[in-house]
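model04.cif (mmCIF, C-alpha atoms) appears below.
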data_target
#
loop_
_atom_site.label_atom_id
_atom_site.label_comp_id
_atom_site.auth_asym_id
_atom_site.auth_seq_id
_atom_site.Cartn_x
_atom_site.Cartn_y
_atom_site.Cartn_z
CA MET A 1 11.67 -58.98 -133.79
CA LYS A 2 9.21 -59.92 -131.07
CA GLU A 3 8.89 -57.28 -128.33
CA GLN A 4 9.83 -59.59 -125.45
CA VAL A 5 13.00 -60.78 -127.19
CA LYS A 6 13.82 -57.26 -128.32
CA LYS A 7 13.59 -55.91 -124.79
CA GLY A 8 16.19 -58.37 -123.57
CA VAL A 9 18.68 -57.86 -126.36
CA LEU A 10 18.50 -54.09 -126.80
CA GLU A 11 20.73 -53.53 -123.79
CA ILE A 12 23.24 -55.96 -125.28
CA PHE A 13 23.12 -54.21 -128.65
CA VAL A 14 23.78 -50.84 -126.99
CA LEU A 15 26.69 -52.33 -125.05
CA ALA A 16 27.96 -53.99 -128.24
CA ILE A 17 28.02 -50.61 -130.03
CA LEU A 18 30.02 -49.19 -127.14
CA MET A 19 32.51 -52.07 -127.32
CA LYS A 20 33.71 -50.50 -130.56
CA GLY A 21 34.29 -47.17 -128.82
CA ASP A 22 32.63 -44.44 -126.80
CA SER A 23 29.56 -42.97 -128.41
CA TYR A 24 26.70 -40.49 -127.85
CA GLY A 25 22.91 -40.86 -127.85
CA TYR A 26 22.11 -39.83 -131.39
CA LYS A 27 24.98 -41.89 -132.87
CA ILE A 28 23.88 -44.96 -130.90
CA VAL A 29 20.32 -44.66 -132.25
CA SER A 30 21.61 -44.05 -135.80
CA ASP A 31 23.90 -47.11 -135.63
CA LEU A 32 21.21 -49.36 -134.17
CA ILE A 33 18.40 -48.25 -136.44
CA LEU A 34 20.18 -49.90 -139.38
CA TYR A 35 19.52 -53.29 -137.80
CA ILE A 36 16.64 -52.91 -135.38
CA GLU A 37 13.60 -50.68 -134.82
CA ILE A 38 14.51 -48.25 -132.05
CA SER A 39 13.70 -44.64 -131.19
CA GLU A 40 15.25 -41.99 -128.96
CA SER A 41 12.48 -42.56 -126.43
CA THR A 42 13.30 -46.27 -126.27
CA LEU A 43 17.00 -45.62 -125.88
CA TYR A 44 16.78 -43.19 -122.95
CA PRO A 45 15.55 -45.69 -120.31
CA ILE A 46 18.06 -48.27 -121.57
CA LEU A 47 20.97 -45.86 -121.17
CA ARG A 48 19.69 -44.82 -117.78
CA ARG A 49 19.31 -48.44 -116.64
CA LEU A 50 22.79 -49.36 -117.82
CA GLU A 51 24.26 -46.26 -116.20
CA LYS A 52 22.55 -47.05 -112.90
CA ALA A 53 23.87 -50.61 -113.05
CA ASN A 54 27.38 -49.19 -113.54
CA GLU A 55 27.63 -50.86 -116.92
CA LEU A 56 28.22 -47.45 -118.49
CA ASN A 57 30.19 -44.35 -117.58
CA THR A 58 29.31 -40.95 -118.98
CA TYR A 59 31.28 -37.80 -119.69
CA ASN A 60 30.61 -34.56 -121.54
CA VAL A 61 32.58 -33.25 -124.48
CA LEU A 62 32.24 -29.71 -125.76
CA TYR A 63 31.07 -29.88 -129.37
CA GLN A 64 30.14 -26.83 -131.45
CA GLY A 65 29.53 -24.77 -128.33
CA ARG A 66 27.33 -27.33 -126.59
CA ASN A 67 27.80 -30.39 -124.45
CA ARG A 68 27.62 -33.80 -126.04
CA LYS A 69 27.16 -36.65 -123.56
CA TYR A 70 29.35 -39.65 -124.30
CA TYR A 71 28.77 -43.17 -123.01
CA GLN A 72 31.60 -45.56 -122.25
CA ILE A 73 31.25 -49.26 -121.45
CA THR A 74 32.67 -50.47 -118.11
CA GLN A 75 34.08 -53.85 -117.07
CA ILE A 76 30.66 -54.68 -115.58
CA GLY A 77 29.09 -53.93 -118.96
CA LYS A 78 31.58 -56.17 -120.75
CA LYS A 79 30.86 -58.93 -118.26
CA HIS A 80 27.14 -58.51 -118.95
CA ILE A 81 27.76 -59.14 -122.68
CA ASP A 82 29.91 -62.22 -121.97
CA GLU A 83 27.28 -63.69 -119.64
CA PHE A 84 24.51 -63.01 -122.14
CA LEU A 85 26.44 -64.69 -124.97
CA LEU A 86 27.17 -67.73 -122.79
CA GLU A 87 23.49 -68.03 -121.92
CA TRP A 88 22.62 -67.66 -125.58
CA GLU A 89 25.04 -70.47 -126.48
CA ASP A 90 23.44 -72.69 -123.83
CA ILE A 91 20.00 -71.98 -125.27
CA ARG A 92 21.27 -72.92 -128.74
CA LYS A 93 22.84 -76.15 -127.45
CA ILE A 94 19.66 -77.18 -125.65
CA TYR A 95 17.62 -76.33 -128.74
CA ASP A 96 19.92 -78.46 -130.93
CA ILE A 97 19.67 -81.40 -128.51
CA LEU A 98 15.87 -81.13 -128.46
CA MET A 99 15.73 -81.05 -132.26
CA LYS A 100 17.85 -84.21 -132.73
CA MET B 1 12.87 -25.83 -130.26
CA LYS B 2 13.04 -23.83 -127.01
CA THR B 3 9.25 -23.66 -126.84
CA TRP B 4 8.94 -27.41 -127.28
CA LEU B 5 11.62 -28.07 -124.66
CA LYS B 6 9.77 -25.75 -122.25
CA GLU B 7 6.58 -27.70 -122.94
CA LEU B 8 8.39 -30.98 -122.29
CA GLU B 9 9.85 -29.58 -119.07
CA ARG B 10 6.39 -28.45 -117.95
CA GLU B 11 4.91 -31.89 -118.64
CA LEU B 12 7.77 -33.65 -116.88
CA LYS B 13 7.65 -31.38 -113.83
CA LYS B 14 4.01 -32.36 -113.32
CA ARG B 15 5.18 -35.92 -112.68
CA PHE B 16 8.84 -35.91 -111.75
CA TYR B 17 11.36 -34.21 -109.50
CA LEU B 18 13.37 -31.36 -111.00
CA THR B 19 16.58 -33.39 -111.43
CA GLU B 20 14.66 -36.22 -113.15
CA ALA B 21 12.97 -33.74 -115.49
CA GLU B 22 16.25 -31.96 -116.27
CA GLY B 23 17.94 -35.25 -117.23
CA ILE B 24 15.19 -36.08 -119.75
CA VAL B 25 15.04 -32.52 -121.14
CA SER B 26 18.81 -32.34 -121.72
CA TYR B 27 18.69 -35.76 -123.42
CA TYR B 28 16.02 -34.55 -125.88
CA GLU B 29 17.75 -31.20 -126.33
CA GLU B 30 20.90 -33.04 -127.40
CA MET B 31 18.92 -35.34 -129.70
CA ILE B 32 17.15 -32.44 -131.41
CA GLN B 33 20.40 -30.53 -131.79
CA GLU B 34 22.13 -33.57 -133.31
CA ARG B 35 19.29 -34.09 -135.78
CA LEU B 36 19.39 -30.39 -136.72
CA ASP B 37 23.15 -30.67 -137.29
CA SER B 38 22.59 -33.67 -139.55
CA GLY B 39 20.35 -31.53 -141.78
CA GLU B 40 16.79 -32.37 -140.67
CA SER B 41 14.29 -29.53 -140.35
CA ILE B 42 13.02 -28.54 -136.93
CA ASP B 43 9.39 -29.17 -137.96
CA ASP B 44 10.19 -32.73 -139.06
CA ILE B 45 12.08 -33.41 -135.86
CA LEU B 46 9.42 -32.02 -133.53
CA SER B 47 6.66 -33.89 -135.36
CA ASP B 48 8.33 -37.09 -134.10
CA TYR B 49 8.01 -36.08 -130.46
CA ASP B 50 4.97 -35.64 -128.25
CA ALA B 51 5.87 -34.00 -124.92
CA LYS B 52 2.84 -35.44 -123.09
CA GLU B 53 3.46 -38.93 -124.45
CA ILE B 54 7.16 -38.78 -123.51
CA ALA B 55 6.33 -37.73 -119.93
CA LYS B 56 3.71 -40.46 -119.65
CA SER B 57 5.89 -43.19 -121.11
CA MET B 58 8.74 -42.35 -118.71
CA THR B 59 6.58 -42.55 -115.56
CA ALA B 60 6.92 -46.26 -114.75
CA GLU B 61 10.65 -46.26 -115.48
CA VAL B 62 11.43 -43.12 -113.43
CA VAL B 63 9.23 -44.09 -110.47
CA MET B 64 10.75 -47.58 -110.41
CA LYS B 65 14.31 -46.28 -110.41
CA ARG B 66 13.71 -43.75 -107.62
CA ALA B 67 15.34 -44.37 -104.24
CA ASN B 68 11.90 -43.94 -102.55
CA ASP B 69 13.53 -43.80 -99.14
CA THR B 70 11.40 -41.17 -97.41
CA TYR B 71 7.67 -41.12 -96.70
CA LYS B 72 7.34 -37.99 -98.86
CA SER B 73 8.94 -39.59 -101.91
CA ILE B 74 7.06 -42.87 -101.36
CA ALA B 75 3.74 -40.98 -101.16
CA LYS B 76 4.59 -38.98 -104.30
CA SER B 77 5.68 -42.07 -106.26
CA SER B 78 2.59 -44.04 -105.18
CA LYS B 79 0.31 -41.19 -106.23
CA GLN B 80 2.06 -40.74 -109.60
CA LEU B 81 2.02 -44.46 -110.27
CA MET B 82 -1.67 -44.70 -109.43
CA VAL B 83 -2.58 -41.74 -111.69
CA PHE B 84 -0.43 -43.18 -114.49
CA LEU B 85 -2.00 -46.65 -114.23
CA LEU B 86 -5.56 -45.34 -114.06
CA SER B 87 -5.05 -42.94 -116.96
CA SER B 88 -3.69 -45.60 -119.35
CA PRO B 89 -6.55 -47.68 -120.77
CA LEU B 90 -4.47 -50.88 -120.97
CA LEU B 91 -3.20 -50.50 -117.42
CA ILE B 92 -6.49 -49.71 -115.67
CA PRO B 93 -6.90 -53.27 -114.27
CA LEU B 94 -3.37 -53.01 -112.87
CA GLY B 95 -4.29 -49.61 -111.43
CA PHE B 96 -7.29 -51.09 -109.63
CA ALA B 97 -5.17 -53.99 -108.33
CA TYR B 98 -2.61 -51.49 -107.02
CA MET B 99 -5.37 -49.44 -105.40
CA ILE B 100 -6.82 -52.51 -103.65
CA VAL B 101 -3.40 -53.66 -102.39
CA LEU B 102 -2.69 -50.13 -101.10
CA ILE B 103 -6.09 -49.90 -99.36
CA VAL B 104 -5.51 -53.28 -97.66
CA ALA B 105 -1.96 -52.28 -96.62
CA VAL B 106 -3.09 -48.88 -95.27
CA SER B 107 -6.03 -50.50 -93.40
CA LEU B 108 -3.69 -53.04 -91.80
CA MET B 109 -1.30 -50.29 -90.80
CA PHE B 110 -4.13 -48.20 -89.38
CA SER B 111 -5.46 -51.15 -87.32
CA PHE B 112 -1.97 -51.78 -86.01
CA VAL B 113 -1.60 -48.13 -84.95
CA VAL B 114 -5.02 -48.27 -83.25
CA VAL B 115 -4.01 -51.45 -81.36
CA ILE B 116 -0.78 -49.80 -80.14
CA PHE B 117 -2.61 -46.62 -79.11
CA ALA B 118 -5.40 -48.58 -77.38
CA SER B 119 -2.81 -50.62 -75.43
CA LEU B 120 -1.19 -47.40 -74.25
CA VAL B 121 -4.49 -45.85 -73.17
CA GLY B 122 -5.53 -49.14 -71.51
CA MET B 123 -2.28 -49.21 -69.56
CA ILE B 124 -2.72 -45.65 -68.30
CA GLY B 125 -6.30 -46.50 -67.26
CA LEU B 126 -5.05 -49.55 -65.38
CA PHE B 127 -2.47 -47.49 -63.47
CA LEU B 128 -5.04 -44.89 -62.49
CA ASN B 129 -7.37 -47.64 -61.34
CA MET B 130 -4.63 -49.22 -59.25
CA TYR B 131 -3.68 -45.89 -57.76
CA GLN B 132 -7.27 -45.18 -56.76
CA SER B 133 -7.78 -48.67 -55.28
CA GLY B 134 -5.17 -47.82 -52.63
CA LEU B 135 -2.36 -50.25 -53.50
CA GLY B 136 0.87 -49.99 -51.53
CA GLN B 137 3.84 -47.96 -52.79
CA ASN B 138 5.84 -51.10 -53.67
CA GLU B 139 3.09 -52.57 -55.83
CA VAL B 140 2.59 -49.24 -57.65
CA ILE B 141 6.35 -48.95 -58.35
CA GLY B 142 6.37 -52.57 -59.54
CA PHE B 143 3.47 -51.96 -61.92
CA ILE B 144 5.08 -48.74 -63.21
CA GLY B 145 8.22 -50.78 -63.97
CA VAL B 146 6.18 -53.32 -65.91
CA GLY B 147 4.36 -50.46 -67.62
CA LEU B 148 7.62 -48.86 -68.74
CA MET B 149 8.79 -52.20 -70.14
CA VAL B 150 5.57 -52.58 -72.11
CA LEU B 151 5.89 -48.98 -73.28
CA SER B 152 9.44 -49.66 -74.56
CA LEU B 153 8.16 -52.70 -76.42
CA LEU B 154 5.40 -50.61 -77.98
CA ILE B 155 7.94 -47.99 -79.08
CA LEU B 156 10.10 -50.75 -80.63
CA LEU B 157 7.01 -52.16 -82.31
CA SER B 158 6.14 -48.71 -83.71
CA ILE B 159 9.65 -48.30 -85.16
CA TRP B 160 9.41 -51.76 -86.69
CA LEU B 161 5.97 -50.93 -88.07
CA TYR B 162 7.30 -47.68 -89.57
CA GLN B 163 10.15 -49.49 -91.30
CA ALA B 164 7.96 -52.40 -92.43
CA VAL B 165 5.39 -50.06 -93.99
CA GLN B 166 8.14 -48.12 -95.76
CA ARG B 167 9.68 -51.33 -97.14
CA LEU B 168 6.30 -52.69 -98.21
CA ALA B 169 5.32 -49.46 -100.00
CA LYS B 170 8.68 -49.33 -101.75
CA LYS B 171 8.36 -52.94 -102.86
CA LEU B 172 4.82 -52.33 -104.13
CA ILE B 173 5.96 -49.33 -106.18
CA TYR B 174 8.74 -51.42 -107.70
CA ILE B 175 6.52 -54.42 -108.47
CA PHE B 176 3.65 -52.44 -109.97
CA SER B 177 5.83 -50.04 -111.98
CA SER B 178 7.82 -52.91 -113.47
CA MET B 179 4.55 -54.71 -114.30
CA ALA B 180 3.27 -51.50 -115.94
CA LYS B 181 6.53 -51.11 -117.85
CA ASN B 182 6.40 -54.68 -119.13
CA LYS B 183 2.76 -54.34 -120.13
CA GLY B 184 3.47 -51.01 -121.80
CA GLU B 185 6.36 -52.48 -123.79
CA ARG B 186 4.23 -55.40 -124.92
CA LYS B 187 1.49 -53.00 -126.05
#
Final structure tokens representation of the file:
Amino acid sequence: MKEQVKKGVLEIFVLAILMKGDSYGYKIVSDLILYIEISESTLYPILRRLEKANELNTYNVLYQGRNRKYYQITQIGKKHIDEFLLEWEDIRKIYDILMK
Amino acid sequence: MKTWLKELERELKKRFYLTEAEGIVSYYEEMIQERLDSGESIDDILSDYDAKEIAKSMTAEVVMKRANDTYKSIAKSSKQLMVFLLSSPLLIPLGFAYMIVLIVAVSLMFSFVVVIFASLVGMIGLFLNMYQSGLGQNEVIGFIGVGLMVLSLLILLSIWLYQAVQRLAKKLIYIFSSMAKNKGERK
């Protein structure tokens, strides 16, 4: 996938993973890596950006004697996905019209 | 693992505030721990990470997201951004552009401060001159009144200048770090 496109959709993919349920950093990378090239270093700024934009909440869970940070999607995050998908649909419609 | 995390912390502390560094270190600590739990060897895991590269790659993102609401933090962010831009071969032109914009902004600010200071000194000189030329008490009081009004305006202008410079510097940090981030991602 081209870098510019990838940059825009990675946030949506992370949010999409969290739509299925709360998750933690390593699990998010492992789930995404099946479909798209992503590393831990790429994920960190995305999570931080989404957290700052209040699209994610975080909480810690004690797991095997250490803290595991969980991420949870918020209403703002869900709205972000909806808006993105609407925009995507519009792009598709315009593309179809242009190709007729 | 502890040694590598210490190295990462050291690299991060060179560029970031303690809380920023701690956030990144705990993220990588969790990642390494998760990978160890899933059966990977520590050598394999650590071979994927380069502490210096991580610290460098986070610079634009961290600097951009900072509040940058005090002169100290603005100065620190500007310096870090400049060093980051000039030390990354692909971003050197952006670094020079940032340097030029900063020099122009600082020169403008300096000239403005000089103008305000010169007006103040000029005003004091004028009062002394009037006093020595033997003007009446009423005229002197009148001129002092006008002088105080001008002084208040200068103080207001200085406050405005202070805020304007702060806003401009903050905006420049945001613009240049997001440009650096975009360029870095396209690399």
Apply the PyMOL selection byres ((chain B and resi 98) around 9) to the file shown and report the selected residues as a PyMOL selection string. chain B and resi 82+85+93-97+99-103+172-173+176
Go through B:Val104, B:Leu157, B:Leu148, B:Ile54 and flag the residue nearest chain A, using all atoms listed in the file for the distances.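 Closest residue, counting all atoms listed in the file: B:Ile54.
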Output the contact residues of chain A with respect to chain B at a cut-off of 12 Å, based on all atoms listed in the file, as a VMD selection string. chain A and resid 2 to 8 24 to 30 39 to 53 60 62 to 70
Kindly export the residues of the current selection with C-alpha atoms, as a PDB file, in the coordinates of the input.
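Below you can see out_15.pdb, which holds the result:
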ATOM      1  CA  LYS A   2       9.210 -59.920-131.070  1.00  0.00           C
ATOM      2  CA  GLU A   3       8.890 -57.280-128.330  1.00  0.00           C
ATOM      3  CA  GLN A   4       9.830 -59.590-125.450  1.00  0.00           C
ATOM      4  CA  VAL A   5      13.000 -60.780-127.190  1.00  0.00           C
ATOM      5  CA  LYS A   6      13.820 -57.260-128.320  1.00  0.00           C
ATOM      6  CA  LYS A   7      13.590 -55.910-124.790  1.00  0.00           C
ATOM      7  CA  GLY A   8      16.190 -58.370-123.570  1.00  0.00           C
ATOM      8  CA  TYR A  24      26.700 -40.490-127.850  1.00  0.00           C
ATOM      9  CA  GLY A  25      22.910 -40.860-127.850  1.00  0.00           C
ATOM     10  CA  TYR A  26      22.110 -39.830-131.390  1.00  0.00           C
ATOM     11  CA  LYS A  27      24.980 -41.890-132.870  1.00  0.00           C
ATOM     12  CA  ILE A  28      23.880 -44.960-130.900  1.00  0.00           C
ATOM     13  CA  VAL A  29      20.320 -44.660-132.250  1.00  0.00           C
ATOM     14  CA  SER A  30      21.610 -44.050-135.800  1.00  0.00           C
ATOM     15  CA  SER A  39      13.700 -44.640-131.190  1.00  0.00           C
ATOM     16  CA  GLU A  40      15.250 -41.990-128.960  1.00  0.00           C
ATOM     17  CA  SER A  41      12.480 -42.560-126.430  1.00  0.00           C
ATOM     18  CA  THR A  42      13.300 -46.270-126.270  1.00  0.00           C
ATOM     19  CA  LEU A  43      17.000 -45.620-125.880  1.00  0.00           C
ATOM     20  CA  TYR A  44      16.780 -43.190-122.950  1.00  0.00           C
ATOM     21  CA  PRO A  45      15.550 -45.690-120.310  1.00  0.00           C
ATOM     22  CA  ILE A  46      18.060 -48.270-121.570  1.00  0.00           C
ATOM     23  CA  LEU A  47      20.970 -45.860-121.170  1.00  0.00           C
ATOM     24  CA  ARG A  48      19.690 -44.820-117.780  1.00  0.00           C
ATOM     25  CA  ARG A  49      19.310 -48.440-116.640  1.00  0.00           C
ATOM     26  CA  LEU A  50      22.790 -49.360-117.820  1.00  0.00           C
ATOM     27  CA  GLU A  51      24.260 -46.260-116.200  1.00  0.00           C
ATOM     28  CA  LYS A  52      22.550 -47.050-112.900  1.00  0.00           C
ATOM     29  CA  ALA A  53      23.870 -50.610-113.050  1.00  0.00           C
ATOM     30  CA  ASN A  60      30.610 -34.560-121.540  1.00  0.00           C
ATOM     31  CA  LEU A  62      32.240 -29.710-125.760  1.00  0.00           C
ATOM     32  CA  TYR A  63      31.070 -29.880-129.370  1.00  0.00           C
ATOM     33  CA  GLN A  64      30.140 -26.830-131.450  1.00  0.00           C
ATOM     34  CA  GLY A  65      29.530 -24.770-128.330  1.00  0.00           C
ATOM     35  CA  ARG A  66      27.330 -27.330-126.590  1.00  0.00           C
ATOM     36  CA  ASN A  67      27.800 -30.390-124.450  1.00  0.00           C
ATOM     37  CA  ARG A  68      27.620 -33.800-126.040  1.00  0.00           C
ATOM     38  CA  LYS A  69      27.160 -36.650-123.560  1.00  0.00           C
ATOM     39  CA  TYR A  70      29.350 -39.650-124.300  1.00  0.00           C
TER      40      TYR A  70
END
Please evaluate the PyMOL selection byres ((chain B and resi 162) around 12) against the displayed coordinates and give the resulting residues as a PyMOL selection string. chain B and resi 70-71+106+109-110+112-113+155-161+163-169
Quick one, how far is CA of Ala67 (chain B) from CA of Ile76 (chain A)?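 Going from CA of Ala67 (chain B) over to CA of Ile76 (chain A), I get 21.7 Å.
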I need the output of the PyMOL selection byres ((chain A and resi 74) around 12) for this file as a ChimeraX atom specification; which residues are they? /A:15-16,18-19,21-22,50-58,71-73,75-81
For a test of reading the model, state the distance in Å between CA of Tyr174 (chain B) and CA of Met64 (chain B), rounded to one decimal.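 CA of Tyr174 (chain B) sits 5.1 Å away from CA of Met64 (chain B).
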State, in Å with one decimal place, the distance from CA of Lys170 (chain B) to CA of Ser78 (chain B).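 CA of Ser78 (chain B) lies 8.8 Å from CA of Lys170 (chain B).
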Using only C-alpha atoms, which of B:Lys171, B:Leu120, B:Leu86, B:Asn68 sits nearest Leu151 (chain B)? B:Leu120
Residue nearest Ala180 (chain B) - candidates B:Ala21, B:Ile45, B:Ala75, B:Leu91, atoms counted: only C-alpha atoms: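 Going through B:Ala21, B:Ile45, B:Ala75, B:Leu91 one by one, the smallest distance to Ala180 (chain B) is for B:Leu91.
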10 Å contact set for Phe143 (chain B), only C-alpha atoms, chain neighbours under 3 positions out, as a compact mmCIF listing (two decimals) with C-alpha atoms, keeping the file's coordinate frame:
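The result, stored in around09.txt:
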# COMPACT_ATOMS: atom_id res chain seq x y z
CA MET B 123 -2.28 -49.21 -69.56
CA LEU B 126 -5.05 -49.55 -65.38
CA PHE B 127 -2.47 -47.49 -63.47
CA MET B 130 -4.63 -49.22 -59.25
CA GLN B 137 3.84 -47.96 -52.79
CA ASN B 138 5.84 -51.10 -53.67
CA GLU B 139 3.09 -52.57 -55.83
CA VAL B 140 2.59 -49.24 -57.65
CA VAL B 146 6.18 -53.32 -65.91
CA GLY B 147 4.36 -50.46 -67.62
CA LEU B 148 7.62 -48.86 -68.74
CA MET B 149 8.79 -52.20 -70.14
Would you be able to write out as a ChimeraX atom specification which residues have an atom within 10 Å of (13.3, -26.3, -123.6) in the file's coordinates, counting all atoms listed in the file? /B:1-10,22,25-26,28-29
Take the selection from the previous step and output its residues with C-alpha atoms, as a compact mmCIF listing (two decimals), keeping the file's coordinate frame.
# COMPACT_ATOMS: atom_id res chain seq x y z
CA MET B 1 12.87 -25.83 -130.26
CA LYS B 2 13.04 -23.83 -127.01
CA THR B 3 9.25 -23.66 -126.84
CA TRP B 4 8.94 -27.41 -127.28
CA LEU B 5 11.62 -28.07 -124.66
CA LYS B 6 9.77 -25.75 -122.25
CA GLU B 7 6.58 -27.70 -122.94
CA LEU B 8 8.39 -30.98 -122.29
CA GLU B 9 9.85 -29.58 -119.07
CA ARG B 10 6.39 -28.45 -117.95
CA GLU B 22 16.25 -31.96 -116.27
CA VAL B 25 15.04 -32.52 -121.14
CA SER B 26 18.81 -32.34 -121.72
CA TYR B 28 16.02 -34.55 -125.88
CA GLU B 29 17.75 -31.20 -126.33
